[in-house]
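One structure is given below, encoded as structure tokens.
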Amino acid sequence: MAVQAARSLYDAKGIDVVILDVGEHTLIADFFVIASGSNPRHVQALADRVVYSEDIARKPMHVEGYGLGHWVLLDYGDVVVHVFREEERDFYGLERLWGDAPQVRLEETGHSGDADAEAGDQK
């Protein structure tokens, strides 16, 4: 599910899409998917792209922050999707906070095969 969410964000022009494998570091989730949008509308559109993706059968258990569009959190239980405005992402620095977690980046080439191989076939 993490890879499908990341692909949806990438396809919608999400900025710097990353998957963090946090399962060994926390009980909160197995994976965080993180992406940035350039403005609140873009952040909301990115979140919508994940929620309404035909590739993701589940709906989030909880959505937080959609109204303001600065940081939208989509909680799927085992996967948590964070979509930030670039300013908020820099400020909160989840990649720094979870720096010990293995990180998988989706390259701009659109080839996410490496992400599939490293992240495995997440739920």
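Residues are referred to by chain and number: the chain letter is A, B, ... according to the order shown in the structure tokens, the number counts from 1 in that chain, and ligands are numbered separately from 1 in the order shown.
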Item checked: Test item, alpha helix (DSSP H) assignment across chain A, answer as a VMD selection string -> chain A and resid 2 to 11 40 to 51 86 to 92 94 to 97 113 to 119
Note to self: Could you go through region 8-104 of chain A and tell me which residues DSSP, when run on the backbone, assigns to strand (DSSP E), listing them as an MDAnalysis selection string?
What the structure shows: chainID A and resid 15:21 31:37 62:64 71:75 79:85 103:104
Would you give me, as JSON lines, each residue of region 17-51 of chain A having an atom within 12 Å of an atom of region 86-107 of chain A, along with its shortest atom pair and that distance in Å to one decimal, using only C-alpha atoms and sorting by chain and residue number?
```
{"residue": "A:Val17", "atom": "CA", "partner": "A:Leu106", "partner_atom": "CA", "distance": 6.2}
{"residue": "A:Val18", "atom": "CA", "partner": "A:Arg105", "partner_atom": "CA", "distance": 4.7}
{"residue": "A:Ile19", "atom": "CA", "partner": "A:Val104", "partner_atom": "CA", "distance": 5.1}
{"residue": "A:Leu20", "atom": "CA", "partner": "A:Gln103", "partner_atom": "CA", "distance": 4.7}
{"residue": "A:Asp21", "atom": "CA", "partner": "A:Pro102", "partner_atom": "CA", "distance": 5.4}
{"residue": "A:Val22", "atom": "CA", "partner": "A:Ala101", "partner_atom": "CA", "distance": 5.3}
{"residue": "A:Gly23", "atom": "CA", "partner": "A:Ala101", "partner_atom": "CA", "distance": 8.3}
{"residue": "A:Glu24", "atom": "CA", "partner": "A:Ala101", "partner_atom": "CA", "distance": 7.7}
{"residue": "A:His25", "atom": "CA", "partner": "A:Ala101", "partner_atom": "CA", "distance": 7.1}
{"residue": "A:Thr26", "atom": "CA", "partner": "A:Trp98", "partner_atom": "CA", "distance": 9.7}
{"residue": "A:Asp30", "atom": "CA", "partner": "A:Ala101", "partner_atom": "CA", "distance": 10.4}
{"residue": "A:Phe31", "atom": "CA", "partner": "A:Ala101", "partner_atom": "CA", "distance": 9.4}
{"residue": "A:Phe32", "atom": "CA", "partner": "A:Leu94", "partner_atom": "CA", "distance": 9.3}
{"residue": "A:Val33", "atom": "CA", "partner": "A:Val104", "partner_atom": "CA", "distance": 9.5}
{"residue": "A:Ile34", "atom": "CA", "partner": "A:Leu94", "partner_atom": "CA", "distance": 8.4}
{"residue": "A:Ala35", "atom": "CA", "partner": "A:Arg89", "partner_atom": "CA", "distance": 8.4}
{"residue": "A:Ser36", "atom": "CA", "partner": "A:Glu86", "partner_atom": "CA", "distance": 5.5}
{"residue": "A:Gly37", "atom": "CA", "partner": "A:Glu86", "partner_atom": "CA", "distance": 6.3}
{"residue": "A:Ser38", "atom": "CA", "partner": "A:Glu86", "partner_atom": "CA", "distance": 6.3}
{"residue": "A:Asn39", "atom": "CA", "partner": "A:Glu86", "partner_atom": "CA", "distance": 7.9}
{"residue": "A:Pro40", "atom": "CA", "partner": "A:Glu86", "partner_atom": "CA", "distance": 9.9}
{"residue": "A:His42", "atom": "CA", "partner": "A:Glu86", "partner_atom": "CA", "distance": 10.8}
{"residue": "A:Val43", "atom": "CA", "partner": "A:Glu86", "partner_atom": "CA", "distance": 9.5}
```
Margin query: Counting only C-alpha atoms, which residue out of A:Val79, A:Gly65, A:Ala29, A:Val3 sits closest to Ala47 (chain A)?
Written below: A:Gly65
Check: Could you pull the residues within 12 Å of region 48-63 of chain A, counting only C-alpha atoms, minus those fewer than 5 positions along the same chain, as number ranges by chain?
Finding: A: 1-14, 33-35, 41-43, 69, 71-83, 122-123
Keeping C-alpha atoms, export the residues of the selection given above as a PDB file, in the first residue's frame.
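In the end it all went to result_2.pdb:
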```pdb
ATOM      1  CA  MET A   1       0.000   0.000   0.000  1.00  0.00           C
ATOM      2  CA  ALA A   2       2.886   2.370   0.724  1.00  0.00           C
ATOM      3  CA  VAL A   3       4.254   1.974  -2.795  1.00  0.00           C
ATOM      4  CA  GLN A   4       0.827   2.558  -4.349  1.00  0.00           C
ATOM      5  CA  ALA A   5       0.356   5.721  -2.266  1.00  0.00           C
ATOM      6  CA  ALA A   6       3.829   6.951  -3.234  1.00  0.00           C
ATOM      7  CA  ARG A   7       3.127   6.315  -6.906  1.00  0.00           C
ATOM      8  CA  SER A   8      -0.156   8.222  -6.665  1.00  0.00           C
ATOM      9  CA  LEU A   9       1.641  11.181  -5.091  1.00  0.00           C
ATOM     10  CA  TYR A  10       4.415  11.061  -7.669  1.00  0.00           C
ATOM     11  CA  ASP A  11       1.931  10.893 -10.556  1.00  0.00           C
ATOM     12  CA  ALA A  12       0.143  13.966  -9.161  1.00  0.00           C
ATOM     13  CA  LYS A  13       3.417  15.936  -9.199  1.00  0.00           C
ATOM     14  CA  GLY A  14       4.172  15.467  -5.508  1.00  0.00           C
ATOM     15  CA  VAL A  33       4.900   8.023   2.945  1.00  0.00           C
ATOM     16  CA  ILE A  34       5.951  11.669   2.775  1.00  0.00           C
ATOM     17  CA  ALA A  35       5.491  14.196  -0.020  1.00  0.00           C
ATOM     18  CA  ARG A  41      -4.489  23.478  -3.020  1.00  0.00           C
ATOM     19  CA  HIS A  42      -1.721  21.236  -4.308  1.00  0.00           C
ATOM     20  CA  VAL A  43      -1.431  19.555  -0.889  1.00  0.00           C
ATOM     21  CA  GLY A  69      -3.868  22.214   3.420  1.00  0.00           C
ATOM     22  CA  TRP A  71      -0.048  19.247   6.489  1.00  0.00           C
ATOM     23  CA  VAL A  72      -2.537  16.527   5.607  1.00  0.00           C
ATOM     24  CA  LEU A  73      -2.207  13.222   7.416  1.00  0.00           C
ATOM     25  CA  LEU A  74      -3.927  10.105   6.026  1.00  0.00           C
ATOM     26  CA  ASP A  75      -3.894   7.273   8.557  1.00  0.00           C
ATOM     27  CA  TYR A  76      -4.330   3.806   7.069  1.00  0.00           C
ATOM     28  CA  GLY A  77      -3.149   2.036  10.223  1.00  0.00           C
ATOM     29  CA  ASP A  78      -0.025   0.288   8.931  1.00  0.00           C
ATOM     30  CA  VAL A  79       0.751   3.145   6.524  1.00  0.00           C
ATOM     31  CA  VAL A  80       0.577   6.847   7.359  1.00  0.00           C
ATOM     32  CA  VAL A  81       0.706   9.316   4.468  1.00  0.00           C
ATOM     33  CA  HIS A  82       1.993  12.829   5.244  1.00  0.00           C
ATOM     34  CA  VAL A  83       1.475  15.531   2.622  1.00  0.00           C
ATOM     35  CA  GLN A 122       3.605  -3.395   1.284  1.00  0.00           C
ATOM     36  CA  LYS A 123       0.091  -4.463   2.123  1.00  0.00           C
TER      37      LYS A 123
END
```
